[in-house]
Every structure is written in C-alpha cells, then in structure tokens.
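Here is the structure we will look at, set down as structure tokens.
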Amino acid sequence: MSIPQTGGGQIEDHSQLAEMLSKGCKPKEDWRIGTEHEKFGYCQDSLMPLPYEGDRSIKAVLNGLKTRYNWAPVEEGGNIIGLTKDGANVSLEPGGQLELSGAPLETIHQTCDEVNVHLEEVKSVADEIGVKFIGLGAAPEWTHEQMPLMPKGRYKLMNAYMEKVGTHGTQMMRRTCTVQVNLDFGSEADMVQKLRTSLALQPVATALFANSPFFEGKVNGHKSWRGRIWRSLDDSRTGMLPWVFEDGMGFERWVDWVLDVPMYFVYRDGKYIDALGMSFRDFLKGELPALPGEKPLLSDWADHLTTVFPEARIKQFIEMRGADGGPWRRLCALPAFWVGMMYDQTALDAAWDLCKDWTAEQREALRVAASVDGLQAKVDGINMHDLAREVVAISHAGLKARAKPGAGGMVADETHFLNALHETIETGKTPADELLDHYNGDWNGDLKRIYSDYSY
C-alpha cells in the first residue's frame with residue numbers, strides 16, 4: 001500500500017488532475033523499472049502470523065533493519081510503519097505483509113540485485129528472532145482473526161469500508177501478497193498502448209505466476225485464490241476497465257473514472273480523516289462533508305489515485321498488478337516479463353497484435369479462467385498455455401533487443417531472468433501446480449510442509 005503523499009499546493013483548476021499524470025511522460029532513455037513484492041512473516045515455532053509488537057514481530061523486524069542496515073524509519077502515531085533508503089521503501093500491508101517498494105532502476109540486473117540484498121537483510125534479522133518469511137499469493141492456513149491489522153489509520157478506515165462493498169475485500173487486505181512492476185511511458189499515446197496491452201494480457205501474468213491454491217487450510221479450487229479475491233472486492237475501483245479500449249482514451253478519461261471512485265480518506269497533519277464513500281468531485285467544489293469549505297491539494301489527488309485497484313493502474317507510471325507473490329527467483333521474472341514487452345516497441349506492437357481484437361467479454365473471461373485454471377485456462381478458442389508461450393517469446397525478444405548487460409558485461413542481456421517462465425511453459429506447471437503436486441504427493445496432505453519447503 002502507498003504511503004501518504006505530500007506537497008503540490010492547492011488544486012485551482014480541473015486540468016491540473018490530468019496534467020499531474022502527464023508529467024510522468026519521459027524520453028525512453030529515462031525509463032526506469034520499479035519492482036514491488038510482498039511476503040508473509042510468521043513465527044518459526046508456532047507457524048502463526050507475526051503480531052505488530054513483541055520479541056517476534058513486525059516491529060522487531062523493522063527495528064532490526066533500521067539499526068543494522070541504516071534504513072530511516074517512517075512513523076505514524078508513534079509507531080514505526082515503514083523504512084526508507086536510497087529511493088526504496090519498506091512498508092506494511094494491512095495484515096503485516098512486508099513489502100519492498102524498490103527504487104527506480106535501469107535494468108533487471110539492478111532490480112534483482114536489489115531484491116537479493118533486501119531478502120538477505122530481512123533473513124539475517126528474522127533468523128535471530130525466530131521469524132521466517134514466505135512468498136505466496138494467499139495465506140495458506142491463517143484465518144482473518146489470526147491476521148493482525150497493522151496500526152495505520154488508512155487501514156482502519158479501509159477495513160470497515162471493505163466489509164460493506166464486497167465479499168472478499170478484507171481477505172485481500174490481510175491475506176494476500178503480490179509482486180508487481182512499475183514502468184514508464186513516453187507520451188499519452190504510448191501510455192494508452194501500454195495500458196491496453198497490459199490490461200488485456202494481465203491474465204497471462206496471473207496464470208504464469210499463480211501461487212495460491214490453498215486458503216484456510218484447504219485446497220480452494222483455484223490456481224490463484226488471490227485472483228479470485230480481486231474479482232469480488234469492490235467493483236467501483238477494480239477490474240479490467242473495458243472503457244480503456246474505447247476511442248478517446250487518455251489521461252483525461254482516466255481522471256474522469258478516478259473522480260467517480262468513492263473516496264477513502266483525506267490525510268491532514270499526520271492523521272487520516274474519514275471520507276469513506278464521499279466524492280472527490282465534491283471535494284473540488286469545496287463541498288466535501290469531511291472537510292466543509294476546504295478544497296483539495298495535489299497531494300490529496302495523488303492519495304486518491306492510490307485507492308483504485310484495477311489489474312493495471314496509471315499514476316505517473318503504469319503498475320502491473322495481476323501476479324501472485326512467489327518464490328525468490330520469480331520476483332525477478334515478473335519485471336523481466338513486462339519490461340521485455342513494454343520497453344521495446346517491436347515487442348509492444350507484437351503483444352498488442354495478439355490481443356487487440358479481443359472483446360471486453362473475452363478479456364474478462366480470461367481473467368476469471370486464469371485465476372481458476374492457470375495455464376490450463378481456455379476461453380473461446382484461446383488456449384492460455386499457447387498464449388503464454390507466445391507472450392513469453394515476445395518478452396524474450398524484447399529483452400534481447402534491449403541488450404542491457406549485467407555488471408562487468410559478464411551477462412549479455414536480461415533474457416535469463418525469464419528462465420523460470422520458460423520452465424513453466426515447458427512443463428505446463430505453474431507454482432500452484434507444483435504446490436498441489438507436493439500436497440497430493442510427498443506432503444501426504446500435510447499443508448504445514450509448505451513452511452519448511454517454501455520459506456525464503
């Protein structure tokens with residue numbers, strides 16, 4: 001989840017909303033890669049999720065990282081809720097999931113180095129206090145009541161609201177993890193092509209990275225239960241956004257949609273003010289019930305932009321949001337998958353050609369089928385396994401064309417970061433399939449084996 005935004009001054013004119021988004025346009029040489037990933041922490045002896053406070057806790061991990069590795073603390077209400085250093089930050093999801101939001105970097109080599117250093121730092125702190133972390137799309141056993149809500153005002157408000165607008169919102173908050181990548185665009189037209197392509201092909205990422213076949217101690221009938229959760233959360237702010245594929249799509253159209261998404265909060269003087277269900281359009285007119293007579297700041301708009309959760313999201317960059325959290329090596333495969341497609345024009349055109357003729361109904365059906373069946377999904381003659389093979393090949397060609405060598409030139413390009421996906425294509429088995437094979441095979445139905453076999 002995002003941290004509160006600051007600065008920017010008062011919004012004087014509606015045009016500033018789209019202008020803020022358009023400021024994300026950058027020349028290709030300035031395009032960067034920002035990778036985010038979340039993981040579940042638990043106590044090694046009890047296999048129970050970490051509380052916020054105590055000897056074995058989220059707070060102890062954050063303080064350990066701060067002290068040992070010189071991260072600067074982020075606090076709210078006297079509680080440490082995050083860390084910052086060198087353009088990156090460590091933050092908390094609502095149920096205590098630990099997230100690294102990486103710095104904007106030039107290559108996947110740098111991204112993977114960042115991920116490796118972070119996980120090694122976390123492991124060194126966690127091992128000393130009897131804590132482990134595991135990368136999965138959904139908590140395999142823990143109930144809602146067992147997952148503590150972190151002491152952040154934003155989450156307290158969201159928790160109450162989620163219980164009213166959908167059937168799975170609080171499951172998303174406390175019991176899911178993702179890996180995503182944030183990518184740049186060069187112009188409004190480039191943004192539109194990238195957004196349309198990434199929305200249409202997001203189910204391919206859901207299928208390839210499916211890693212949540214268990215929930216509350218049982219096989220749940222989905223390869224990505226996380227994907228299932230997002231389909232019944234809050235229709236006003238999630239989904240595949242069919243209007244993105246209509247004529248007239250651009251920054252202004254995105255603004256119009258976000259303005260109609262009900263608000264969660266306004267952040268003032270270190271506190272979250274309840275604006276649940278209220279309208280940002282009213283806020284622009286000075287008629288927000290939570291702050292009567294007050295007009296929004298640009299930071300309020302930036303905050304509101306973080307409260308929409310479609311499968312791909314626009315801020316001053318594009319966020320790819322369809323993948324489950326997973327094992328260590330796949331944390332680098334996800335940015336490689338999207339960078340290969342998005343950062344080479346030939347690859348982007350080829351990817352768009354694959355999906356440009358799909359209907360809104362087909363795109364939504366692929367989203368559903370990906371969460372249920374993973375690579376075995378089939379929709380209107382579209383075979384997910386075959387589609388994934390084509391998409392990964394396009395990504396591979398895009399990375400090869402980028403020709404970004406590793407440090408010292410020892411590695412010629414970034415294509416080897418796709419190796420995990422090539423293996424999945426070859427075997428037809430996603431991480432979820434491998435987990436189910438273990439569960440039905442050598443684990444003999446003992447789901448607790450997942451902790452010893454799959455923790456970082």
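Going through the structure tokens in order, the chains are called A, B, and so on, while each chain numbers its residues from 1 and the ligands are numbered from 1 in the order shown.
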
What's the 9 Å shell around segment 278-283 of chain A, counting only C-alpha atoms, without same-chain residues fewer than 6 positions away, as a compact mmCIF listing (two decimals) with N, CA and C atoms, in the first residue's frame?
# COMPACT_ATOMS: atom_id res chain seq x y z
N VAL A 258 -11.44 8.01 -12.16
CA VAL A 258 -10.98 8.06 -10.77
C VAL A 258 -11.83 9.04 -9.96
N LEU A 259 -12.27 10.12 -10.57
CA LEU A 259 -13.12 11.07 -9.86
C LEU A 259 -14.43 10.43 -9.40
N ASP A 260 -14.89 9.42 -10.11
CA ASP A 260 -16.14 8.77 -9.75
C ASP A 260 -15.95 7.60 -8.79
N VAL A 261 -14.71 7.27 -8.47
CA VAL A 261 -14.44 6.22 -7.48
C VAL A 261 -14.61 6.83 -6.08
N PRO A 262 -15.44 6.24 -5.22
CA PRO A 262 -15.65 6.80 -3.89
C PRO A 262 -14.34 6.93 -3.11
N MET A 263 -14.23 7.97 -2.34
CA MET A 263 -13.03 8.24 -1.56
C MET A 263 -12.93 7.32 -0.34
N TYR A 264 -11.72 7.19 0.17
CA TYR A 264 -11.47 6.53 1.44
C TYR A 264 -11.18 7.54 2.55
N PHE A 265 -10.28 8.49 2.28
CA PHE A 265 -9.77 9.34 3.35
C PHE A 265 -9.19 10.63 2.79
N PRO A 289 -18.09 16.64 2.71
CA PRO A 289 -18.63 16.65 4.08
C PRO A 289 -17.56 16.51 5.16
N ALA A 290 -16.49 15.78 4.86
CA ALA A 290 -15.45 15.57 5.87
C ALA A 290 -14.64 16.84 6.15
N LEU A 291 -14.53 17.73 5.13
CA LEU A 291 -13.77 18.98 5.28
C LEU A 291 -14.56 20.11 4.63
N PRO A 292 -15.68 20.51 5.18
CA PRO A 292 -16.53 21.52 4.54
C PRO A 292 -15.80 22.83 4.30
N GLY A 293 -15.94 23.31 3.06
CA GLY A 293 -15.32 24.58 2.69
C GLY A 293 -13.88 24.48 2.24
N GLU A 294 -13.25 23.31 2.42
CA GLU A 294 -11.84 23.16 2.06
C GLU A 294 -11.73 22.48 0.71
N LYS A 295 -10.80 22.98 -0.12
CA LYS A 295 -10.55 22.37 -1.43
C LYS A 295 -9.29 21.51 -1.38
N PRO A 296 -9.19 20.53 -2.29
CA PRO A 296 -8.09 19.56 -2.19
C PRO A 296 -6.74 20.12 -2.63
N TRP A 301 -5.10 14.47 -4.36
CA TRP A 301 -5.36 13.78 -5.62
C TRP A 301 -4.40 12.60 -5.78
N HIS A 304 -5.66 9.88 -3.64
CA HIS A 304 -6.87 9.25 -4.18
C HIS A 304 -6.53 8.31 -5.34

Considering only C-alpha atoms, give me a table of residues in segment 203-300 of chain A that are at most 9 Å from segment 377-399 of chain A, with the closest atom pair and distance in Å for each, as JSON lines.
{"residue": "A:Pro203", "atom": "CA", "partner": "A:Met384", "partner_atom": "CA", "distance": 8.8}
{"residue": "A:Val204", "atom": "CA", "partner": "A:Ala388", "partner_atom": "CA", "distance": 5.9}
{"residue": "A:Ala205", "atom": "CA", "partner": "A:Ala388", "partner_atom": "CA", "distance": 8.3}
{"residue": "A:Ala207", "atom": "CA", "partner": "A:Met384", "partner_atom": "CA", "distance": 7.8}
{"residue": "A:Leu208", "atom": "CA", "partner": "A:Ala388", "partner_atom": "CA", "distance": 7.5}

Selection to disk with N, CA and C atoms, as a PDB file, in the first residue's frame:
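Final file, again-v6.pdb:
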ATOM      1  N   PRO A 203      -4.145 -11.332 -17.447  1.00  0.00           N
ATOM      2  CA  PRO A 203      -4.459 -12.719 -17.101  1.00  0.00           C
ATOM      3  C   PRO A 203      -3.340 -13.710 -17.405  1.00  0.00           C
ATOM      4  N   VAL A 204      -2.495 -13.395 -18.377  1.00  0.00           N
ATOM      5  CA  VAL A 204      -1.352 -14.273 -18.659  1.00  0.00           C
ATOM      6  C   VAL A 204      -0.391 -14.252 -17.473  1.00  0.00           C
ATOM      7  N   ALA A 205      -0.157 -13.059 -16.915  1.00  0.00           N
ATOM      8  CA  ALA A 205       0.686 -12.969 -15.718  1.00  0.00           C
ATOM      9  C   ALA A 205       0.036 -13.697 -14.551  1.00  0.00           C
ATOM     10  N   ALA A 207      -1.886 -16.254 -14.677  1.00  0.00           N
ATOM     11  CA  ALA A 207      -1.727 -17.698 -14.913  1.00  0.00           C
ATOM     12  C   ALA A 207      -0.300 -18.158 -14.660  1.00  0.00           C
ATOM     13  N   LEU A 208       0.682 -17.454 -15.224  1.00  0.00           N
ATOM     14  CA  LEU A 208       2.080 -17.871 -15.101  1.00  0.00           C
ATOM     15  C   LEU A 208       2.579 -17.813 -13.660  1.00  0.00           C
TER      16      LEU A 208
END

With segment 112-119 of chain A as the partner and 12 Å as the cut-off, tabulate the residues of segment 336-445 of chain A that qualify, each row holding the nearest pair of atoms and their distance in Å to one decimal, using only C-alpha atoms, sorted by chain and rising number, as JSON lines.
{"residue": "A:Ala336", "atom": "CA", "partner": "A:Cys112", "partner_atom": "CA", "distance": 9.8}
{"residue": "A:Gly406", "atom": "CA", "partner": "A:Asp113", "partner_atom": "CA", "distance": 10.4}
{"residue": "A:Ala407", "atom": "CA", "partner": "A:Asp113", "partner_atom": "CA", "distance": 10.4}
{"residue": "A:Glu414", "atom": "CA", "partner": "A:Cys112", "partner_atom": "CA", "distance": 10.5}
{"residue": "A:His416", "atom": "CA", "partner": "A:Cys112", "partner_atom": "CA", "distance": 11.6}
{"residue": "A:Phe417", "atom": "CA", "partner": "A:Cys112", "partner_atom": "CA", "distance": 8.8}

As a short mmCIF file (atom, residue, chain, number, x, y, z; two decimals) with N, CA and C atoms, in the first residue's frame, please: the residues near Met342 of chain A (cut-off 10 Å, only C-alpha atoms, same-chain neighbours under 4 positions excluded).
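Full text of selection10.cif as output:
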data_model
loop_
_atom_site.label_atom_id
_atom_site.label_comp_id
_atom_site.auth_asym_id
_atom_site.auth_seq_id
_atom_site.Cartn_x
_atom_site.Cartn_y
_atom_site.Cartn_z
N LEU A 183 6.27 0.75 -14.52
CA LEU A 183 7.01 1.08 -15.73
C LEU A 183 6.58 2.43 -16.28
N ASP A 184 7.48 3.07 -17.01
CA ASP A 184 7.26 4.41 -17.54
C ASP A 184 6.64 4.38 -18.93
N PHE A 185 6.19 5.57 -19.36
CA PHE A 185 5.68 5.76 -20.71
C PHE A 185 6.27 7.04 -21.28
N ASP A 190 1.67 6.49 -26.02
CA ASP A 190 2.45 5.35 -25.53
C ASP A 190 1.80 4.77 -24.27
N GLN A 193 -1.29 2.69 -25.34
CA GLN A 193 -0.94 1.38 -25.91
C GLN A 193 -0.45 0.42 -24.83
N LYS A 194 0.38 0.92 -23.93
CA LYS A 194 0.90 0.07 -22.86
C LYS A 194 -0.21 -0.34 -21.89
N LEU A 195 -1.10 0.59 -21.56
CA LEU A 195 -2.17 0.25 -20.63
C LEU A 195 -3.12 -0.77 -21.24
N THR A 197 -2.52 -2.95 -23.64
CA THR A 197 -1.84 -4.23 -23.79
C THR A 197 -1.68 -4.93 -22.45
N SER A 198 -1.29 -4.17 -21.44
CA SER A 198 -1.05 -4.79 -20.13
C SER A 198 -2.34 -5.22 -19.46
N ALA A 336 10.97 -8.77 -15.53
CA ALA A 336 11.53 -9.14 -16.83
C ALA A 336 10.42 -9.39 -17.84
N PHE A 337 9.38 -10.08 -17.41
CA PHE A 337 8.24 -10.40 -18.27
C PHE A 337 7.63 -9.14 -18.88
N TRP A 338 7.39 -8.12 -18.04
CA TRP A 338 6.74 -6.91 -18.53
C TRP A 338 7.71 -5.95 -19.21
N THR A 346 8.96 -2.90 -30.92
CA THR A 346 8.60 -4.06 -31.75
C THR A 346 7.87 -5.11 -30.91
N ALA A 347 8.37 -5.35 -29.71
CA ALA A 347 7.73 -6.31 -28.82
C ALA A 347 6.35 -5.82 -28.38
N LEU A 348 6.24 -4.54 -28.06
CA LEU A 348 4.96 -3.98 -27.64
C LEU A 348 3.92 -4.10 -28.75
N ASP A 349 4.33 -3.79 -29.97
CA ASP A 349 3.41 -3.92 -31.10
C ASP A 349 2.98 -5.37 -31.29
N ALA A 351 2.86 -7.71 -28.99
CA ALA A 351 1.98 -8.09 -27.88
C ALA A 351 0.58 -7.53 -28.09
N SER A 395 8.35 -11.29 -25.00
CA SER A 395 9.11 -10.65 -23.94
C SER A 395 10.60 -10.96 -24.06
N GLY A 398 12.07 -8.93 -26.73
CA GLY A 398 12.21 -7.54 -26.32
C GLY A 398 13.40 -7.32 -25.42
N LEU A 399 13.63 -8.25 -24.48
CA LEU A 399 14.81 -8.14 -23.61
C LEU A 399 16.09 -8.29 -24.40
#

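Compared by their closest atoms to Leu157 of chain A, and using only C-alpha atoms, the residues A:Ile273, A:Ala370, A:Ala403, A:Met172 rank with A:Ile273 nearest.
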
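Distance check against Asp353 of chain A using only C-alpha atoms: of A:Leu100, A:Ile129, A:Ala200, A:Ala312, the minimum falls on A:Ala200.
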
Next on the checklist: I need the strand (DSSP E or B) residues of segment 15-197 of chain A per DSSP on the backbone, written as a ChimeraX atom specification.
Outcome noted: /A:25,33-43,49,72-76,79-85,88-92,98-101,105,131-134,138,176,178-183,185

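The smallest atom-to-atom distance between Leu284 of chain A and any of A:Leu298, A:Leu418, A:Val372, A:Ser236, using only C-alpha atoms, is found for A:Leu298.
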
Next on the checklist: Neighbouring residues of Asn419 of chain A were defined as those with any atom within 10 Å, considering only C-alpha atoms; residues of the same chain fewer than 6 positions away were excluded. Please report them as a list in words.
Outcome noted: Arg329, Arg330, Ala333, His396 and Ile425 of chain A

Keeping C-alpha atoms, export the residues of the selection given above as a compact mmCIF listing (two decimals), in the first residue's frame.
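Output contents, as saved in out-v3.txt:
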# COMPACT_ATOMS: atom_id res chain seq x y z
CA ARG A 329 13.61 -16.37 -8.39
CA ARG A 330 10.19 -15.35 -9.68
CA ALA A 333 10.94 -12.89 -13.57
CA HIS A 396 12.30 -12.64 -24.52
CA ILE A 425 5.91 -23.08 -20.36

Item to check | Who sits within 10 Å of Gly227 of chain A, only C-alpha atoms, same chain under 5 positions skipped, as a list of chain:residue names | outcome: A:Gly137, A:Ala138, A:Met172, A:Thr176, A:Pro203, A:Thr206, A:Ala207, A:Ala210, A:Asn211, A:Ser212, A:His222, A:Ser232, A:Glu311, A:Gly322, A:Ala323, A:Asp324, A:Arg367, A:Val368, A:Ala369, A:Ala370, A:Ser371, A:Val372

Could those selected residues go to a file with C-alpha atoms, as a compact mmCIF listing (two decimals), in the first residue's frame?
# COMPACT_ATOMS: atom_id res chain seq x y z
CA GLY A 137 -0.29 -15.31 -3.30
CA ALA A 138 -2.56 -16.02 -0.32
CA MET A 172 -7.32 -9.00 0.08
CA THR A 176 -2.82 -11.81 0.00
CA PRO A 203 -4.46 -12.72 -17.10
CA THR A 206 -1.99 -14.25 -13.32
CA ALA A 207 -1.73 -17.70 -14.91
CA ALA A 210 -0.43 -18.44 -9.98
CA ASN A 211 0.68 -19.42 -6.50
CA SER A 212 -2.28 -19.58 -4.13
CA HIS A 222 -8.31 -22.02 -7.85
CA SER A 232 -15.23 -9.83 -5.59
CA GLU A 311 -5.48 -5.02 -12.95
CA GLY A 322 -2.06 -9.27 -11.76
CA ALA A 323 0.57 -11.62 -10.29
CA ASP A 324 0.69 -13.62 -7.07
CA ARG A 367 -9.26 -13.00 -16.11
CA VAL A 368 -11.68 -15.42 -14.47
CA ALA A 369 -10.28 -18.52 -16.14
CA ALA A 370 -6.68 -17.59 -15.27
CA SER A 371 -7.48 -17.44 -11.57
CA VAL A 372 -9.31 -20.77 -11.68

Checklist entry - Which parts of segment 31-154 of chain A does DSSP call helix (DSSP H, G or I) when run on the backbone here, written out as a VMD selection string? => result chain A and resid 58 to 69 108 to 128 153 to 154

Checklist entry - If you count only C-alpha atoms, which residues fall within 9 Å of Tyr272 of chain A, apart from same-chain ones fewer than 2 positions away, as a list of chain:residue names? => result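 In the requested form, the answer reads A:Lys152, A:Gly153, A:Arg154, A:Leu157, A:Phe265, A:Val266, A:Tyr267, A:Arg268, A:Asp269, A:Gly270, A:Asp274, A:Ala275.
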
Selected residues written out, C-alpha atoms, as a PDB file, in the first residue's frame:
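Saved file result13.pdb follows:
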ATOM      1  CA  LYS A 152      -2.128   2.580  10.199  1.00  0.00           C
ATOM      2  CA  GLY A 153      -5.082   4.943  10.023  1.00  0.00           C
ATOM      3  CA  ARG A 154      -5.609   4.200   6.330  1.00  0.00           C
ATOM      4  CA  LEU A 157     -10.790   3.052   7.563  1.00  0.00           C
ATOM      5  CA  PHE A 265      -9.767   9.342   3.348  1.00  0.00           C
ATOM      6  CA  VAL A 266      -8.047  12.719   3.427  1.00  0.00           C
ATOM      7  CA  TYR A 267      -4.637  12.955   5.097  1.00  0.00           C
ATOM      8  CA  ARG A 268      -4.057  16.010   7.281  1.00  0.00           C
ATOM      9  CA  ASP A 269      -1.441  16.748   9.952  1.00  0.00           C
ATOM     10  CA  GLY A 270      -0.360  13.136  10.248  1.00  0.00           C
ATOM     11  CA  ASP A 274     -12.710   9.550   7.293  1.00  0.00           C
ATOM     12  CA  ALA A 275     -14.091  10.394   3.824  1.00  0.00           C
TER      13      ALA A 275
END

Checklist entry - Which value, in Å to one decimal, gives the distance between atom CA of Thr359 of chain A and atom CA of Gly239 of chain A? => result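 Spanning atom CA of Thr359 of chain A to atom CA of Gly239 of chain A is a straight-line distance of 14.6 Å.
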
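Atom pair atom CA of Thr424 of chain A / atom CA of Ser452 of chain A: separated by 22.7 Å.
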
Item to check | Given only C-alpha atoms as the counted atoms, nearest of A:Val192, A:Ala360, A:Ile318, A:Leu354 to Leu241 of chain A | outcome: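 Checking each candidate against Leu241 of chain A, we get A:Ala360 as the closest.
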
Checklist entry - Which residue gives the smallest distance to Gln345 of chain A among A:Thr238, A:Gly64, A:Phe133, A:Gly186, with only C-alpha atoms counted? => result A:Gly186
